[in-house]
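Asks: Structure file upload-v2.cif, mmCIF, C-alpha atoms, is pasted below:
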data_run
#
loop_
_atom_site.label_atom_id
_atom_site.label_comp_id
_atom_site.auth_asym_id
_atom_site.auth_seq_id
_atom_site.Cartn_x
_atom_site.Cartn_y
_atom_site.Cartn_z
CA MET A 243 -27.95 19.56 -1.59
CA ALA A 244 -26.51 22.01 -4.12
CA GLU A 245 -28.37 21.96 -7.45
CA ALA A 246 -25.34 23.00 -9.50
CA LEU A 247 -21.63 22.61 -8.85
CA LYS A 248 -18.43 23.12 -10.86
CA LEU A 249 -15.06 22.39 -9.29
CA THR A 250 -11.60 21.79 -10.71
CA ILE A 251 -8.62 20.20 -8.98
CA GLU A 252 -5.65 21.35 -11.05
CA GLU A 253 -3.17 19.04 -9.35
CA VAL A 254 -3.49 16.24 -6.80
CA PRO A 255 -0.55 16.24 -4.37
CA ALA A 256 1.23 13.03 -3.32
CA VAL A 257 0.66 11.13 -6.55
CA ALA A 258 3.27 10.25 -9.17
CA GLY A 259 2.77 12.60 -12.12
CA LYS A 260 0.28 15.25 -13.22
CA VAL A 261 -3.48 14.84 -13.11
CA SER A 262 -6.44 17.21 -13.12
CA VAL A 263 -9.95 16.42 -11.92
CA ARG A 264 -13.11 18.21 -13.03
CA ILE A 265 -16.32 17.89 -11.03
CA GLU A 266 -19.65 19.01 -12.47
CA LYS A 267 -23.13 18.58 -11.02
CA ASP A 268 -26.52 19.67 -12.25
CA ARG A 269 -29.95 18.76 -10.92
CA ALA A 270 -29.93 15.25 -12.36
CA THR A 271 -26.34 14.08 -12.72
CA VAL A 272 -22.83 14.27 -11.36
CA ARG A 273 -19.80 13.99 -13.66
CA VAL A 274 -16.17 13.53 -12.60
CA ASP A 275 -13.41 13.58 -15.23
CA PHE A 276 -10.07 12.05 -14.24
CA GLY A 277 -7.64 13.61 -16.71
CA VAL A 278 -4.02 12.55 -17.02
CA THR A 279 -2.27 15.67 -18.31
CA GLN A 280 1.25 14.32 -18.85
CA ASP A 281 2.38 14.04 -22.47
CA PRO A 282 2.30 10.60 -24.12
CA ARG A 283 5.74 9.00 -24.60
CA PHE A 284 5.06 6.24 -27.17
CA PHE A 285 7.16 3.42 -25.67
CA GLU A 286 5.18 0.80 -27.58
CA ARG A 287 5.81 2.59 -30.87
CA PHE A 288 9.54 3.30 -30.71
CA LEU A 289 10.40 -0.27 -29.63
CA LYS A 290 9.15 -1.66 -32.95
CA GLY A 291 11.98 -3.23 -34.93
CA ARG A 292 14.37 -3.38 -31.98
CA PRO A 293 15.71 -6.65 -30.49
CA ALA A 294 13.15 -8.19 -28.15
CA VAL A 295 15.77 -8.76 -25.43
CA TYR A 296 16.28 -4.99 -25.44
CA ALA A 297 12.62 -4.31 -24.57
CA PRO A 298 12.63 -5.01 -20.80
CA HIS A 299 15.29 -2.44 -19.94
CA VAL A 300 13.59 0.16 -22.13
CA MET A 301 10.17 -0.62 -20.65
CA SER A 302 11.53 -0.23 -17.11
CA ARG A 303 12.01 3.46 -18.02
CA ILE A 304 8.24 3.90 -18.24
CA CYS A 305 8.42 4.74 -14.54
CA GLY A 306 11.15 5.15 -11.95
CA VAL A 307 8.77 4.56 -9.04
CA CYS A 308 7.65 1.12 -10.26
CA SER A 309 10.37 0.24 -12.75
CA VAL A 310 10.84 -3.30 -11.40
CA VAL A 311 7.39 -4.49 -12.41
CA HIS A 312 7.70 -3.12 -15.96
CA LEU A 313 11.13 -4.74 -16.22
CA THR A 314 10.02 -8.15 -14.94
CA CYS A 315 6.64 -8.24 -16.70
CA SER A 316 8.39 -7.35 -19.95
CA ILE A 317 10.93 -10.14 -19.34
CA GLU A 318 8.09 -12.62 -18.82
CA ALA A 319 6.44 -11.57 -22.09
CA VAL A 320 9.71 -11.76 -24.06
CA GLU A 321 10.52 -15.22 -22.66
CA LYS A 322 7.10 -16.51 -23.67
CA ALA A 323 7.41 -15.02 -27.16
CA LEU A 324 10.86 -16.57 -27.69
CA GLY A 325 10.03 -19.88 -26.02
CA VAL A 326 12.73 -19.43 -23.37
CA GLU A 327 12.41 -21.17 -19.98
CA PRO A 328 14.71 -19.71 -17.31
CA LYS A 329 16.28 -21.76 -14.53
CA PRO A 330 14.11 -22.19 -11.40
CA GLU A 331 16.56 -20.07 -9.40
CA VAL A 332 16.19 -17.21 -11.89
CA LYS A 333 12.42 -17.36 -11.54
CA ALA A 334 12.73 -17.43 -7.75
CA LEU A 335 15.03 -14.40 -7.68
CA ARG A 336 12.72 -12.55 -10.09
CA GLU A 337 9.77 -13.20 -7.81
CA LEU A 338 11.79 -11.89 -4.85
CA ALA A 339 12.62 -8.73 -6.79
CA LYS A 340 8.97 -8.22 -7.72
CA GLY A 341 7.83 -8.84 -4.16
CA PHE A 342 10.30 -6.34 -2.73
CA GLU A 343 9.01 -3.66 -5.08
CA ASN A 344 5.43 -4.24 -3.94
CA VAL A 345 6.49 -4.01 -0.31
CA GLN A 346 8.56 -0.84 -0.72
CA ASN A 347 6.21 0.92 -3.12
CA ASN A 348 3.04 0.27 -1.17
CA PHE A 349 4.71 1.10 2.14
CA VAL A 350 5.82 4.50 0.84
CA HIS A 351 2.35 5.19 -0.50
CA VAL A 352 0.84 4.40 2.89
CA LEU A 353 3.17 6.99 4.39
CA MET A 354 2.29 9.56 1.69
CA ALA A 355 -1.47 9.00 2.06
CA LEU A 356 -1.65 8.77 5.87
CA PRO A 357 -2.14 12.54 6.37
CA ASP A 358 -5.57 12.19 4.73
CA TYR A 359 -6.57 9.81 7.51
CA THR A 360 -4.84 11.46 10.47
CA GLY A 361 -5.91 15.05 9.85
CA ASP A 362 -2.40 16.26 9.05
CA GLY A 363 -2.11 18.46 5.98
CA ASN A 364 0.79 16.59 4.39
CA VAL A 365 3.71 14.27 5.14
CA VAL A 366 5.81 17.10 6.57
CA GLN A 367 3.08 17.92 9.07
CA PHE A 368 2.65 14.22 9.82
CA SER A 369 6.37 13.92 10.58
CA LYS A 370 6.04 16.77 13.09
CA SER A 371 2.84 15.45 14.68
CA HIS A 372 4.13 11.88 14.97
CA PRO A 373 7.96 12.13 14.89
CA GLN A 374 8.70 8.72 16.42
CA LEU A 375 6.24 6.89 14.18
CA PHE A 376 7.55 8.72 11.12
CA ALA A 377 11.16 7.88 12.02
CA ARG A 378 10.31 4.19 12.44
CA MET A 379 8.55 4.08 9.08
CA MET A 380 11.47 5.76 7.34
CA ASP A 381 13.86 3.28 8.91
CA ILE A 382 11.74 0.35 7.76
CA ASN A 383 11.76 1.74 4.22
CA ARG A 384 15.56 2.04 4.32
CA ARG A 385 15.91 -1.59 5.40
CA ILE A 386 13.56 -2.84 2.67
CA LEU A 387 15.66 -1.04 0.06
CA GLU A 388 18.85 -2.51 1.51
CA ALA A 389 17.37 -6.01 1.32
CA TYR A 390 16.52 -5.44 -2.34
CA ARG A 391 20.07 -4.20 -3.01
CA ARG A 392 21.47 -7.43 -1.58
CA ILE A 393 19.38 -9.46 -4.03
CA CYS A 394 19.40 -7.35 -7.20
CA GLY A 395 21.61 -4.31 -6.81
CA ARG A 396 20.20 -0.95 -7.90
CA PHE A 397 16.49 -0.52 -7.16
CA ILE A 398 15.53 1.88 -9.96
CA HIS A 399 15.92 0.44 -13.49
CA THR A 400 17.70 -2.62 -12.09
CA PRO A 401 20.39 -3.69 -14.61
CA SER A 402 20.91 -7.21 -13.19
CA LEU A 403 17.51 -8.63 -14.21
CA GLY A 404 17.26 -9.85 -17.80
CA VAL A 405 15.75 -12.42 -20.14
CA ALA A 406 16.42 -15.87 -18.60
CA SER A 407 19.13 -14.37 -16.38
CA HIS A 408 19.97 -12.85 -13.04
CA GLY A 409 23.20 -10.93 -13.48
CA LYS A 410 24.07 -10.12 -9.87
CA PRO A 411 26.13 -12.84 -8.12
CA ILE A 412 24.20 -14.22 -5.15
CA THR A 413 25.73 -15.58 -1.96
CA LYS A 414 24.15 -17.83 0.58
CA SER A 415 24.99 -15.35 3.36
CA GLU A 416 23.25 -12.47 1.54
CA LEU A 417 20.06 -14.48 1.14
CA GLU A 418 20.19 -15.48 4.79
CA TYR A 419 20.67 -11.84 5.79
CA VAL A 420 17.69 -10.80 3.67
CA GLY A 421 15.54 -13.57 5.15
CA ARG A 422 16.34 -12.59 8.74
CA GLU A 423 15.97 -8.88 8.09
CA MET A 424 12.60 -9.17 6.32
CA ALA A 425 11.30 -11.38 9.12
CA ARG A 426 12.19 -8.57 11.53
CA VAL A 427 10.56 -5.99 9.24
CA SER A 428 7.37 -8.05 9.06
CA LYS A 429 7.28 -8.38 12.85
CA GLU A 430 7.73 -4.63 13.28
CA LEU A 431 4.97 -3.87 10.78
CA TYR A 432 2.52 -6.00 12.74
CA GLU A 433 3.61 -4.35 15.99
CA LEU A 434 3.30 -0.88 14.44
CA ALA A 435 -0.30 -1.53 13.41
CA GLY A 436 -1.62 -0.86 16.91
CA SER A 437 -0.17 2.66 16.91
CA LEU A 438 -1.47 3.28 13.41
CA ALA A 439 -4.97 2.04 14.26
CA GLU A 440 -5.19 4.67 17.02
CA ILE A 441 -4.61 7.58 14.62
CA TRP A 442 -5.98 6.11 11.37
CA LYS A 443 -9.46 7.64 11.17
CA PRO A 444 -11.98 6.55 8.53
CA ILE A 445 -12.78 8.80 5.56
CA ALA A 446 -16.34 8.98 4.22
CA GLN A 447 -17.49 6.27 6.60
CA GLY A 448 -20.50 4.54 5.11
CA PHE A 449 -19.61 5.37 1.50
CA GLU A 450 -19.67 2.24 -0.67
CA ASP A 451 -18.04 1.38 -3.97
CA PRO A 452 -20.63 1.82 -6.74
CA ALA A 453 -18.80 -0.60 -9.08
CA PRO A 454 -17.42 -3.45 -6.95
CA THR A 455 -16.00 -5.65 -9.75
CA TYR A 456 -12.26 -6.22 -9.47
CA CYS A 457 -9.46 -8.06 -11.25
CA VAL A 458 -6.37 -9.88 -9.92
CA LEU A 459 -3.93 -12.52 -11.11
CA LYS A 460 -5.12 -16.06 -10.57
CA PRO A 461 -2.53 -17.75 -8.33
CA PRO A 462 -0.70 -20.51 -10.24
CA ARG A 463 -0.12 -22.20 -6.87
CA GLU A 464 -1.51 -21.80 -3.37
CA GLU A 465 0.30 -18.59 -2.46
CA PHE A 466 0.33 -14.89 -3.23
CA PRO A 467 1.26 -14.59 -6.95
CA MET A 468 3.81 -12.22 -8.45
CA PHE A 469 3.27 -13.56 -11.98
CA SER A 470 0.58 -15.72 -13.56
CA ASN A 471 -0.82 -16.98 -16.84
CA GLU A 472 -4.43 -16.12 -15.97
CA LEU A 473 -6.58 -13.17 -14.94
CA ALA A 474 -9.38 -13.67 -12.42
CA PHE A 475 -12.36 -11.37 -11.92
CA SER A 476 -14.53 -11.06 -8.83
CA ASP A 477 -17.57 -12.36 -10.73
CA GLY A 478 -15.79 -15.71 -11.05
CA PHE A 479 -14.63 -15.36 -14.65
CA VAL A 480 -11.08 -16.51 -15.43
CA VAL A 481 -9.28 -15.82 -18.70
CA SER A 482 -5.85 -16.85 -19.96
CA ALA A 483 -3.20 -14.18 -20.50
CA GLU A 484 -3.39 -14.61 -24.28
CA ARG A 485 -7.15 -13.90 -24.30
CA TYR A 486 -7.13 -10.76 -22.15
CA GLY A 487 -8.28 -8.68 -25.14
CA GLU A 488 -11.56 -10.59 -25.28
CA VAL A 489 -12.71 -9.11 -21.96
CA ILE A 490 -10.57 -5.99 -21.37
CA GLU A 491 -11.16 -3.13 -23.78
CA GLU A 492 -9.08 0.06 -23.91
CA ARG A 493 -10.71 3.34 -24.89
CA LYS A 494 -9.41 6.86 -25.43
CA LEU A 495 -11.35 9.73 -23.86
CA PRO A 496 -11.06 13.40 -24.92
CA HIS A 497 -10.27 14.76 -21.45
CA SER A 498 -7.19 12.61 -20.80
CA ASN A 499 -3.89 11.69 -22.44
CA ALA A 500 -4.26 8.21 -20.97
CA LYS A 501 -6.69 5.51 -22.01
CA ILE A 502 -9.23 3.81 -19.79
CA ALA A 503 -9.88 0.07 -19.59
CA LEU A 504 -13.26 -1.62 -19.21
CA TYR A 505 -14.17 -5.19 -18.32
CA ARG A 506 -16.96 -6.31 -20.67
CA GLY A 507 -17.90 -2.66 -21.09
CA LYS A 508 -17.99 -1.81 -17.39
CA PRO A 509 -15.55 -0.20 -14.92
CA PHE A 510 -13.49 -2.39 -12.60
CA TYR A 511 -10.66 -1.86 -10.17
CA VAL A 512 -7.30 -3.39 -9.34
CA GLY A 513 -4.79 -3.04 -6.51
CA SER A 514 -4.30 -4.05 -2.89
CA ARG A 515 -8.00 -3.78 -2.00
CA ALA A 516 -8.78 -6.27 -4.75
CA ARG A 517 -5.89 -8.58 -3.83
CA MET A 518 -6.64 -8.70 -0.10
CA GLN A 519 -10.18 -9.81 -0.89
CA ALA A 520 -9.23 -12.33 -3.57
CA TYR A 521 -6.27 -13.80 -1.66
CA PHE A 522 -7.75 -13.68 1.85
CA THR A 523 -7.41 -17.43 2.40
CA LEU A 524 -3.79 -17.28 1.21
CA LEU A 525 -2.82 -14.69 3.82
CA ALA A 526 -0.94 -15.53 7.00
CA SER A 527 -3.18 -15.65 10.08
CA GLU A 528 -1.45 -12.50 11.38
CA ALA A 529 -2.41 -10.63 8.20
CA ARG A 530 -6.05 -11.72 8.50
CA GLU A 531 -6.02 -10.48 12.10
CA LEU A 532 -4.41 -7.21 10.95
CA ILE A 533 -7.41 -6.60 8.68
CA LYS A 534 -9.54 -6.59 11.85
CA THR A 535 -7.09 -4.44 13.81
CA LEU A 536 -7.10 -1.72 11.15
CA GLY A 537 -10.83 -2.11 10.53
CA VAL A 538 -10.44 -2.50 6.77
CA ASP A 539 -13.74 -1.90 4.96
CA PHE A 540 -13.30 -3.53 1.56
CA SER A 541 -16.49 -1.90 0.25
CA ASN A 542 -14.96 1.57 0.68
CA PRO A 543 -12.38 2.64 -1.97
CA PHE A 544 -10.58 4.81 0.61
CA ASP A 545 -9.54 1.66 2.47
CA ASN A 546 -7.25 0.61 -0.37
CA VAL A 547 -4.53 2.32 1.69
CA LYS A 548 -5.22 0.10 4.69
CA ALA A 549 -5.22 -2.91 2.39
CA GLN A 550 -1.80 -1.81 1.14
CA TYR A 551 -0.46 -1.88 4.67
CA VAL A 552 -1.84 -5.38 5.27
CA GLU A 553 -0.26 -6.53 2.02
CA VAL A 554 3.11 -5.04 2.98
CA ALA A 555 3.12 -6.86 6.32
CA HIS A 556 2.13 -10.17 4.75
CA LEU A 557 4.55 -9.96 1.83
CA SER A 558 7.46 -9.04 4.10
CA GLY A 559 7.01 -12.31 5.95
CA LEU A 560 6.57 -14.25 2.70
CA LEU A 561 9.76 -12.74 1.24
CA ALA A 562 11.64 -13.72 4.38
CA GLU A 563 10.54 -17.34 3.96
CA LYS A 564 11.37 -17.41 0.24
CA SER A 565 14.82 -15.88 0.78
CA LEU A 566 15.73 -18.46 3.41
CA GLU A 567 14.35 -21.30 1.28
CA LEU A 568 16.47 -20.20 -1.69
CA ALA A 569 19.50 -19.82 0.58
CA SER A 570 19.10 -23.46 1.62
CA ARG A 571 19.55 -24.47 -2.06
CA ILE A 572 22.91 -22.69 -2.36
CA ARG A 573 25.69 -24.67 -0.72
CA SER A 574 28.31 -21.94 -0.30
CA GLY A 575 30.21 -19.25 -2.13
CA VAL A 576 28.70 -17.34 -5.04
CA ALA A 577 25.96 -18.51 -7.41
CA PHE A 578 25.57 -17.19 -10.97
CA PHE A 579 22.39 -17.59 -12.96
CA HIS A 580 22.90 -16.41 -16.52
CA GLU A 581 21.90 -17.88 -19.86
CA GLY A 582 24.07 -17.68 -22.94
CA THR A 583 22.65 -16.57 -26.28
CA VAL A 584 18.88 -16.01 -26.39
CA PRO A 585 17.40 -17.43 -29.62
CA GLU A 586 16.15 -14.99 -32.26
CA LYS A 587 12.82 -16.70 -32.79
CA SER A 588 9.35 -15.56 -33.78
CA GLY A 589 6.40 -15.79 -31.41
CA GLU A 590 3.91 -14.01 -29.20
CA GLY A 591 3.89 -13.60 -25.46
CA VAL A 592 1.75 -11.93 -22.79
CA GLY A 593 3.24 -11.20 -19.37
CA LEU A 594 0.98 -10.70 -16.34
CA ALA A 595 2.45 -9.26 -13.16
CA THR A 596 1.27 -8.04 -9.78
CA ALA A 597 2.25 -4.38 -9.76
CA PRO A 598 2.00 -2.35 -6.55
CA ARG A 599 -1.05 -0.59 -7.97
CA GLY A 600 -2.68 -3.66 -9.53
CA VAL A 601 -2.54 -5.91 -12.58
CA LEU A 602 0.02 -5.10 -15.28
CA ILE A 603 -0.08 -6.53 -18.82
CA HIS A 604 2.77 -6.56 -21.36
CA HIS A 605 1.91 -8.08 -24.75
CA TYR A 606 4.52 -8.56 -27.50
CA ARG A 607 4.75 -10.10 -30.95
CA VAL A 608 8.26 -10.93 -32.10
CA ARG A 609 9.55 -11.80 -35.58
CA ASP A 610 13.08 -13.20 -35.94
CA GLY A 611 14.05 -11.80 -32.55
CA LYS A 612 12.78 -8.27 -33.31
CA LEU A 613 9.78 -6.65 -31.67
CA GLU A 614 6.91 -6.30 -34.14
CA TYR A 615 4.05 -5.28 -31.81
CA ALA A 616 3.79 -4.11 -28.21
CA ASN A 617 0.82 -3.30 -26.00
CA VAL A 618 1.01 -2.34 -22.33
CA ILE A 619 -2.02 -1.93 -20.04
CA THR A 620 -1.17 -0.44 -16.66
CA PRO A 621 -3.08 -0.52 -13.36
CA THR A 622 -3.75 3.22 -13.54
CA VAL A 623 -5.43 2.74 -16.93
CA MET A 624 -7.51 -0.10 -15.46
CA ASN A 625 -8.50 2.06 -12.49
CA ALA A 626 -9.11 5.28 -14.43
CA ARG A 627 -12.80 4.83 -15.21
CA HIS A 628 -13.41 3.37 -11.76
CA VAL A 629 -11.96 6.54 -10.20
CA GLU A 630 -14.49 8.59 -12.16
CA VAL A 631 -17.48 6.39 -11.28
CA ALA A 632 -16.48 6.24 -7.61
CA GLY A 633 -15.84 10.00 -7.62
CA GLU A 634 -19.29 10.71 -9.01
CA ALA A 635 -20.90 8.52 -6.34
CA LEU A 636 -18.73 10.15 -3.67
CA VAL A 637 -19.77 13.69 -4.67
CA SER A 638 -23.46 12.75 -4.52
CA TRP A 639 -22.95 11.00 -1.18
CA ALA A 640 -21.01 13.93 0.31
CA LEU A 641 -23.49 16.58 -0.82
CA SER A 642 -26.37 14.53 0.57
CA LYS A 643 -24.57 14.70 3.93
CA GLY A 644 -24.32 18.47 3.73
CA VAL A 645 -20.57 18.56 3.02
CA ASP A 646 -19.41 21.97 1.74
CA GLU A 647 -17.69 22.50 -1.62
CA ALA A 648 -14.17 22.87 -0.22
CA ARG A 649 -14.45 19.57 1.63
CA VAL A 650 -15.88 17.89 -1.49
CA LYS A 651 -12.69 18.84 -3.35
CA ASP A 652 -10.56 17.49 -0.50
CA LEU A 653 -12.51 14.22 -0.48
CA VAL A 654 -12.17 13.70 -4.23
CA ALA A 655 -8.42 14.44 -4.07
CA ALA A 656 -8.08 11.94 -1.20
CA LEU A 657 -10.03 9.39 -3.24
CA VAL A 658 -7.62 9.77 -6.16
CA ARG A 659 -4.67 9.33 -3.76
CA ALA A 660 -6.25 6.20 -2.31
CA TYR A 661 -6.01 4.52 -5.72
CA ASP A 662 -2.31 5.49 -5.81
CA PRO A 663 -2.34 6.35 -9.53
CA CYS A 664 0.95 6.40 -11.42
CA LEU A 665 0.51 8.87 -14.26
CA PRO A 666 3.87 8.30 -16.03
CA CYS A 667 2.82 4.65 -16.39
CA ALA A 668 -0.56 5.65 -17.80
CA VAL A 669 0.95 7.70 -20.65
CA HIS A 670 3.63 5.19 -21.62
#
Now that the file is in, can you turn its structure into structure tokens?
Replies:
Amino acid sequence: MAEALKLTIEEVPAVAGKVSVRIEKDRATVRVDFGVTQDPRFFERFLKGRPAVYAPHVMSRICGVCSVVHLTCSIEAVEKALGVEPKPEVKALRELAKGFENVQNNFVHVLMALPDYTGDGNVVQFSKSHPQLFARMMDINRRILEAYRRICGRFIHTPSLGVASHGKPITKSELEYVGREMARVSKELYELAGSLAEIWKPIAQGFEDPAPTYCVLKPPREEFPMFSNELAFSDGFVVSAERYGEVIEERKLPHSNAKIALYRGKPFYVGSRARMQAYFTLLASEARELIKTLGVDFSNPFDNVKAQYVEVAHLSGLLAEKSLELASRIRSGVAFFHEGTVPEKSGEGVGLATAPRGVLIHHYRVRDGKLEYANVITPTVMNARHVEVAGEALVSWALSKGVDEARVKDLVAALVRAYDPCLPCAVH
């Protein structure tokens, strides 16, 4: 094993935004710094004094890739702060919108990360090595986006979702189309798994997560949650949304423009790997079988990508069921779900949402309808310290196996990709 090592990864391809990774090793220790190099954008600061109902559509601009979760989580927080309870149909449509984003976002990340597991250099090479598989995956992505359009309209910075409202007219036939189409998508994803399992080789087989604590939303009912009023940790601790600050601490480090988050002073992780463990009993039997087919190793951080695929397959089927159930509640014609004037009250609200990359928190205080305080904690911030701790363990593990320096860099870059970090979100 090398006694001293200094490596720098100036940019990690196939992640959203700019990040640099520094790796240093001496005789006794290994240090990995995960540095988000994008400039801060101060969303929380410039929203102060603006109408609270304005916040969701501004917050969706934190990120184009995952704008739906910032939009909907912000809506949830504003509604709680103002004491507004939307119609059940509005909540149902919002959950559909959130679910579609998780499906589409995670599916695209699987495609972007697959070259790490197949031996292809990048997605372009993957498309040449596996043209039929690539074409099928692109077609599935197109159909997921079309299903979302039928429900909400534009996918990026969706204008139809608002406080206590769903602005796009909904027809029974559109919901029925979405239900049938997503059922077909789910079926194809399960069928595709066999082909993927043949080419999906393990990375760092035998490497184990050095900090296995994770966080998810506690399901408010017996199904996969898109929103919740409670956080649940793998050690069994559950905390209400309003008390998140008692257990999650944000810290600023000198090597990054983004903060890190710790759970009771220690690193933890969020995302599909966490959710597939926490919600295992809530998964369809086909999804539980898919975990076996793909050989998902939940103790290995690299297998977050496999967990994403399992989640996509399961959620596609769940969205199909929910679309058809909602369609059965609409008799015919067009349904509108829009509130009138939202009250300009004072209050405080914390929204918790299942983002593609993990738990998202939006916390607002409102005075007379105007935003007085805002705090957003993103999944990438929650994962940031865990990436470093896992990276340090990975470097030690790889060097003990005789892996050369160039491969160590490749492994650490692949590890960062496996977490699917969203750097624009982290520097909101």
Asks: If the PyMOL selection byres ((chain A and resi 444) around 12) were run on this exact file, what residues would it hold? Put them as a PyMOL selection string.
Replies: chain A and resi 356-361+439-443+445-449+536-539+542-548+653+656
Asks: Suppose a student applies the PyMOL selection byres ((chain A and resi 559) around 9) to this structure; what residues should they get, written as a list in words?
Replies: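 This file gives the following for the PyMOL selection byres ((chain A and resi 559) around 9): Gly421, Met424, Ala425, Arg426, Val427, Ser428, Lys429, Ala526, Val554, Ala555, His556, Leu557, Ser558, Leu560, Leu561, Ala562, Glu563 and Lys564 of chain A.
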Asks: Between A:Ser565, A:Ser482, A:Thr583, A:Asn344, single out the one closest to A:Arg392, counting all atoms listed in the file.
Replies: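 That would be A:Ser565, the residue with the smallest distance to A:Arg392.
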Asks: Translate the PyMOL selection byres ((chain A and resi 303) around 12), as applied to the file shown, into an explicit residue set as number ranges by chain.
Replies: A: 283-285, 297-302, 304-313, 316, 398-401, 666-667, 670
Asks: Between atom CA of A:Ala355 and atom CA of A:Lys494, what is the distance, to one decimal in Å?
Replies: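 Separating atom CA of A:Ala355 from atom CA of A:Lys494 is a distance of 28.7 Å.
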Asks: Just the number, please: distance in Å from atom CA of A:Lys612 to atom CA of A:Gly404, one decimal.
Replies: 16.2 Å
Asks: Is there a way to get, as a list in words, all residues within 9 Å of the point (11.7, -12.2, -15.1) in file coordinates, counting all atoms listed in the file?
Replies: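 Here the neighbourhood of the point contains Leu313, Thr314, Cys315, Ser316, Ile317, Glu318, Ala319, Glu321, Pro328, Val332, Lys333, Leu335, Arg336, Glu337, Lys340, Leu403, Gly404, Val405, Ala406, Ser407 and His408 of chain A.
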Asks: Tell me which protein, DNA and RNA residues are within 12 Å of stretch 483-491 of chain A, counting all atoms listed in the file, leaving out same-chain ones fewer than 2 positions away, and put them as an MDAnalysis selection string.
Replies: chainID A and resid 318:319 322:323 457:460 469:475 479:481 493:494 501:511 590:595 601:607 617:620 623:624 627
Asks: For A:Gly259, list every protein, DNA or RNA residue within 12 Å, evaluated using only C-alpha atoms, and leave out those in the same chain fewer than 4 positions away; present the list as an mmCIF file with C-alpha atoms, keeping the file's coordinate frame.
Replies:
data_model
loop_
_atom_site.group_PDB
_atom_site.id
_atom_site.type_symbol
_atom_site.label_atom_id
_atom_site.label_comp_id
_atom_site.auth_asym_id
_atom_site.auth_seq_id
_atom_site.Cartn_x
_atom_site.Cartn_y
_atom_site.Cartn_z
ATOM 1 C CA GLU A 253 -3.170 19.040 -9.350
ATOM 2 C CA VAL A 254 -3.490 16.240 -6.800
ATOM 3 C CA PRO A 255 -0.550 16.240 -4.370
ATOM 4 C CA GLY A 277 -7.640 13.610 -16.710
ATOM 5 C CA VAL A 278 -4.020 12.550 -17.020
ATOM 6 C CA THR A 279 -2.270 15.670 -18.310
ATOM 7 C CA GLN A 280 1.250 14.320 -18.850
ATOM 8 C CA ASP A 281 2.380 14.040 -22.470
ATOM 9 C CA ILE A 304 8.240 3.900 -18.240
ATOM 10 C CA CYS A 305 8.420 4.740 -14.540
ATOM 11 C CA GLY A 306 11.150 5.150 -11.950
ATOM 12 C CA VAL A 307 8.770 4.560 -9.040
ATOM 13 C CA THR A 622 -3.750 3.220 -13.540
ATOM 14 C CA ARG A 659 -4.670 9.330 -3.760
ATOM 15 C CA ASP A 662 -2.310 5.490 -5.810
ATOM 16 C CA PRO A 663 -2.340 6.350 -9.530
ATOM 17 C CA CYS A 664 0.950 6.400 -11.420
ATOM 18 C CA LEU A 665 0.510 8.870 -14.260
ATOM 19 C CA PRO A 666 3.870 8.300 -16.030
ATOM 20 C CA CYS A 667 2.820 4.650 -16.390
ATOM 21 C CA ALA A 668 -0.560 5.650 -17.800
ATOM 22 C CA VAL A 669 0.950 7.700 -20.650
#
Asks: Between A:Pro454, A:Glu567, A:Arg269, A:Gly341, single out the one closest to A:Phe466, counting all atoms listed in the file.
Replies: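 Of A:Pro454, A:Glu567, A:Arg269, A:Gly341, the one nearest A:Phe466, counting all atoms listed in the file, is A:Gly341.
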Asks: As an exercise, work out the distance from atom CA of A:Val637 to atom CA of A:Leu353 in Å and give it to one decimal place.
Replies: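 Calculated distance between atom CA of A:Val637 and atom CA of A:Leu353 is 25.6 Å.
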Asks: Each side padded by 8 Å, which centre and which edge lengths in Å (one decimal) define the axis-aligned box around the listed atoms of stretch 492-510 of chain A? Give them as JSON.
Replies:
{"center_x": -10.9, "center_y": 4.2, "center_z": -19.0, "size_x": 30.1, "size_y": 37.1, "size_z": 28.8}
Asks: Let me make sure I understand: among A:Pro282, A:Pro452, A:Gly513, A:Gly600, which one has the smallest atom-to-atom distance to A:Glu634 if we use only C-alpha atoms?
Replies: A:Pro452
Asks: Tell me which of A:Ala453, A:Leu338, A:Val631, A:Leu431 sits closest to A:Gln550, counting all atoms listed in the file.
Replies: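 Among the listed residues, the smallest separation from A:Gln550 belongs to A:Leu431.
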Asks: Closest to A:Asn625 among A:Phe288, A:Gly644, A:Leu417, A:Phe276, using all atoms listed in the file?
Replies: A:Phe276
Asks: Pick out the residues sitting within 12 Å of A:Phe522, and hand them over as a ChimeraX atom specification; count all atoms listed in the file, and ignore anything fewer than 2 positions along from it in its own chain.
Replies: /A:464-466,514-520,524-533,540,549,552-553,556
Asks: Would you kindly return, as a PyMOL selection string, each protein, DNA or RNA residue with an atom no farther than 10 Å from any atom of A:Arg649, considering all atoms listed in the file and excluding same-chain residues fewer than 6 positions away?
Replies: chain A and resi 640-641+655
